[in-house]
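Engineer: Here it is, the structure, as C-alpha cells.
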Amino acid sequence: MSIRTAEDRVLSTLNPDGTRRWMRPTLAAGHYWSRRRLVGWLLIVLFVTLPRMTVGGKQAVLFDLARRELTLFGATLYATDTLLLLLFLIGVFLGVFLLTALYGRVWCGWACPQTVYLEFVFRPLERLIEGKVKQQQALDRQTVPWRRLLKWTVFAAVSVVLANVFLAYFVPVDTVLQWVTRPPTEHPHGFAVVAVVAALMMLDFGWFREQMCVVACPYARLQSVLIDKQSLIIAYDAGRGEPRGKLHKVSDLSIGAAAAKGDCVDCDACVRTCPTGLDIRDGFQLECIACAQCADACNAVMAKVHKPAGLIGYTSQAKLERKGAGRLAVSKLRARTILYPVAICLVAGLLALAIARRGTAEVTLVRAIGAPYAVQATGDVHNMARLRIDNHSDADRQYHIALVDGGGIKLVLPRNPLPVAHGATATENLFLVTPAGAVRGKREVQVQVRDGATYDELHKFTLLGPN
Ligand code: SF4
Ligand code: SF4
C-alpha cells in the first residue's frame, strides 16, 4: 500500500508521511526558563497542598464527583444549584477569555499542570537518567536500554504520587489517604481508580506529551478567536532577523558583513529547543505554547555573536508591525479587555447575591400532571400534587410536611417526614383529600414544610373541585 505524503506541513509534530515526529527538545536554560522554573515549582507546591487546606471546616477545593458537589473555599454548590453553577462557569470562561486576550497562551507555557509537570518534573528526570538528546537517541538503538527501563520505572512511581494528588481534587482527601494507607483489598474500587489515573498520567507525560497541547486541548483550538493583534505572543522579529544567513567565519561578525545580513544566523537553536517542534521564524502558530524556550535559546546565540537580545521574545503582532513606525507602546485597553472585566464583575456580583440569598432548601409544590382532580365513589375529591425538595444545607435532613388550617382536608403522602441527604433532591407525590362538597371550584390551602432546624416555610396550593 503506498503512503501519500502531505504537500504542506499539517502539524509540527507530524512527519510528511503522517507518522509522529518525536520531540526531543534541547534545554535552553536562560532568563525566561529560570523564571518559569520558579513559577512552576511554586505551582507544584500549590497543586499538592491545596487539597489539604480547609476553609470553614471544608476541603478548600473539591469537585466531589460521587456526591455531585463543588466546594470552593468554603462555599458548596450542588448539582441542583443550576443557576449558581451556570454563573460560576460563565465567570470561569470570561476569566479565560480575558487572560487570553491580554496574555495569549501564556497560561499554557507557564502555569498549565501539563506543562509544569512535564517540563519541571518528567523531562528533568529524563535528562538525569537518559542524558542529553544525543544520548537519548543512542538509547533508541540499544537492544535492552536499561536506562530507559529505569526511566519508565521512575515515571511510574512519580505518576502514582501525582495520581493521588490529582484525585484529591475529586475525592475527599481523607478517602484518598485511606486508599494510600490501607491494603488494596479493603478498597478495590479506589485502588482501580488510582491505578487507571496513574497509568494515564504515565502515558501522558511519558509518551503523549506535546500532543496534548497540539491536538487534544480545546483551549488551543480557541486561540484564534480569543486573541487579537494586541495580545501577548512569542514572535520572531523578521524585520531585524532577515535576511538570515549562517556565520561561516569570525570575519562574518565584522560590521560590514553584519550590515549585509539580518541578525538571524540561521543556527536552528530556536527550533531544536521548541517542545512543540515549531520554527517560530515561520510566524505565529497555534501550536505555540508561549514557553519562551526559543527566546532563551536565541538570546544565548545573540550574546555569542555580540548582537542585542530580543530577536525572539514576548511581543504583540501590533507591536511588531508598528516597530518600523517607531510606535512601540501598545495599549492594553481595547474593547474586549474592557468588556470582559465588566462582565466578570457583573457575573461575580450576581453569583455572590445568589449565594447570599440561597436558603438551606428549595421547595416546589406543583399540581401533578394529569386530571386536575378526581372525584371518588364516596364523593371525596382527590387533588394530587408533586413536591420537590432540594436540600442545600450541610447536613442530611428530615422534612415534615403538614397542612395548615386544613379543616376536614387530609394530607396523604407515602413518607412523612421525607428524608433528603445534603446536596440531594427528593420528589414525592402527595394527595389532598377533601370531603364531598368541601371544595366548590377552587380553594387555596397552605402546606408547611419544615426540617426542625433551618427551614420552615409555607407553600400555597390551589385545590380544585366540581362547581
Ligand atoms: S515557538 Fe517558542 S514559545 Fe512557542 S512553543 Fe516553541 S519554544 Fe515555546
Ligand atoms: S536561534 Fe535566533 S539566530 Fe538561531 S535560528 Fe533561531 S532566530 Fe535565528
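Quick note on naming: the chains in the C-alpha cells go A, B, ... in the order shown, residues restart at 1 in each chain, and ligands are numbered from 1 in order of appearance.
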Could you list, as a PyMOL selection string, all the residues within 9 Å of ligand 2, counting only C-alpha atoms and all ligand atoms?
Structural biologist: chain A and resi 236-238+241-242+244-246+263-272+279-281+294-302+311-312
Engineer: For the interface of chain A with ligand 1 (cut-off 8 Å, counting only C-alpha atoms and all ligand atoms), please tabulate each contacting residue of chain A alongside its nearest pair of atoms and their separation in Å to one decimal, rows sorted by chain and increasing number, as JSON lines.
Structural biologist:
{"residue": "A:Gly109", "atom": "CA", "partner": "ligand 1", "partner_atom_place_in_ligand_line": "8 (Fe)", "distance": 7.1}
{"residue": "A:Ile234", "atom": "CA", "partner": "ligand 1", "partner_atom_place_in_ligand_line": "3 (S)", "distance": 5.5}
{"residue": "A:Ala235", "atom": "CA", "partner": "ligand 1", "partner_atom_place_in_ligand_line": "1 (S)", "distance": 7.8}
{"residue": "A:Cys270", "atom": "CA", "partner": "ligand 1", "partner_atom_place_in_ligand_line": "7 (S)", "distance": 6.6}
{"residue": "A:Val271", "atom": "CA", "partner": "ligand 1", "partner_atom_place_in_ligand_line": "7 (S)", "distance": 7.2}
{"residue": "A:Thr273", "atom": "CA", "partner": "ligand 1", "partner_atom_place_in_ligand_line": "7 (S)", "distance": 6.0}
{"residue": "A:Cys274", "atom": "CA", "partner": "ligand 1", "partner_atom_place_in_ligand_line": "7 (S)", "distance": 3.6}
{"residue": "A:Pro275", "atom": "CA", "partner": "ligand 1", "partner_atom_place_in_ligand_line": "6 (Fe)", "distance": 5.7}
{"residue": "A:Thr276", "atom": "CA", "partner": "ligand 1", "partner_atom_place_in_ligand_line": "5 (S)", "distance": 5.4}
{"residue": "A:Gly277", "atom": "CA", "partner": "ligand 1", "partner_atom_place_in_ligand_line": "6 (Fe)", "distance": 6.4}
{"residue": "A:Leu278", "atom": "CA", "partner": "ligand 1", "partner_atom_place_in_ligand_line": "1 (S)", "distance": 5.2}
{"residue": "A:Asp279", "atom": "CA", "partner": "ligand 1", "partner_atom_place_in_ligand_line": "1 (S)", "distance": 6.2}
{"residue": "A:Ile280", "atom": "CA", "partner": "ligand 1", "partner_atom_place_in_ligand_line": "1 (S)", "distance": 4.7}
{"residue": "A:Gln285", "atom": "CA", "partner": "ligand 1", "partner_atom_place_in_ligand_line": "1 (S)", "distance": 7.8}
{"residue": "A:Glu287", "atom": "CA", "partner": "ligand 1", "partner_atom_place_in_ligand_line": "5 (S)", "distance": 6.7}
{"residue": "A:Cys288", "atom": "CA", "partner": "ligand 1", "partner_atom_place_in_ligand_line": "4 (Fe)", "distance": 3.6}
{"residue": "A:Ile289", "atom": "CA", "partner": "ligand 1", "partner_atom_place_in_ligand_line": "5 (S)", "distance": 4.4}
{"residue": "A:Ala290", "atom": "CA", "partner": "ligand 1", "partner_atom_place_in_ligand_line": "3 (S)", "distance": 3.7}
{"residue": "A:Cys291", "atom": "CA", "partner": "ligand 1", "partner_atom_place_in_ligand_line": "8 (Fe)", "distance": 4.0}
{"residue": "A:Ala292", "atom": "CA", "partner": "ligand 1", "partner_atom_place_in_ligand_line": "3 (S)", "distance": 4.0}
{"residue": "A:Gln293", "atom": "CA", "partner": "ligand 1", "partner_atom_place_in_ligand_line": "7 (S)", "distance": 4.3}
{"residue": "A:Cys294", "atom": "CA", "partner": "ligand 1", "partner_atom_place_in_ligand_line": "7 (S)", "distance": 4.1}
{"residue": "A:Ala295", "atom": "CA", "partner": "ligand 1", "partner_atom_place_in_ligand_line": "2 (Fe)", "distance": 6.5}
Engineer: Can you check which residues of segment 163-253 of chain A DSSP gives as strand (DSSP E) on the backbone and send them as a PyMOL selection string?
Structural biologist: chain A and resi 233-236
Engineer: Looking at only C-alpha atoms, which of A:Ser12, A:Gln142, A:Asn383, A:Thr26 is the one that sits closest to Asn429 of chain A?
Structural biologist: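 The answer is A:Asn383, which sits nearest to Asn429 of chain A.
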Engineer: Of the candidates A:Ile90, A:Ala29, A:Leu77, A:Val404, which one gets nearest to Ala343 of chain A if we count only C-alpha atoms?
Structural biologist: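 Checking each candidate against Ala343 of chain A, we get A:Ile90 as the closest.
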Engineer: Out of A:Ala60, A:Ala348, A:Ala453, A:Leu162, which residue has the shortest atom-to-atom distance to Val92 of chain A when counting only C-alpha atoms?
Structural biologist: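 Of all the options, A:Ala348 lies closest to Val92 of chain A.
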Engineer: Write out as a count of residues only which residues come within 8 Å of segment 440-451 of chain A when counting only C-alpha atoms, dropping same-chain ones fewer than 3 positions away.
Structural biologist: 25
Engineer: Can you measure atom CA of Leu387 of chain A to atom CA of Arg415 of chain A for me? One decimal in Å is fine.
Structural biologist: 11.6 Å
Engineer: Could you check which of A:Pro51, A:Pro124, A:Gly95, A:Gly74 is closest to Val347 of chain A, using only C-alpha atoms?
Structural biologist: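 Using only C-alpha atoms, Val347 of chain A sits closest to A:Gly95.
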Engineer: Grab the atom CA of Asp390 of chain A to atom CA of Gly423 of chain A distance for me, in Å with one decimal place.
Structural biologist: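 For atom CA of Asp390 of chain A relative to atom CA of Gly423 of chain A, the distance reads 7.0 Å.
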Engineer: Taking into account only C-alpha atoms, which residue in the set A:Tyr117, A:Ser393, A:Pro16, A:Phe122 is nearest to Arg358 of chain A?
Structural biologist: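 Residue with the minimum atom-to-atom distance to Arg358 of chain A: A:Ser393.
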Engineer: With distances taken over only C-alpha atoms, which of A:Leu72, A:Gly91, A:Leu83, A:Val106 is nearest to Val342 of chain A?
Structural biologist: A:Gly91
Engineer: Name all residues at most 6 Å from Gly104 of chain A (count only C-alpha atoms; drop same-chain ones fewer than 5 positions away) and give them as a list in words.
Structural biologist: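 Near neighbours after the sequence-gap exclusion: Ser231, Leu232 and Ile233 of chain A.
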Engineer: Tell me, in Å to one decimal, how far atom CA of Arg105 of chain A is from atom CA of Gln223 of chain A.
Structural biologist: 7.6 Å
Engineer: Need the shell around Arg388 of chain A: protein/DNA/RNA residues with any atom at most 10 Å away, counting only C-alpha atoms. Skip same-chain ones fewer than 4 positions apart. Format as a PyMOL selection string?
Structural biologist: chain A and resi 362-366+425-429
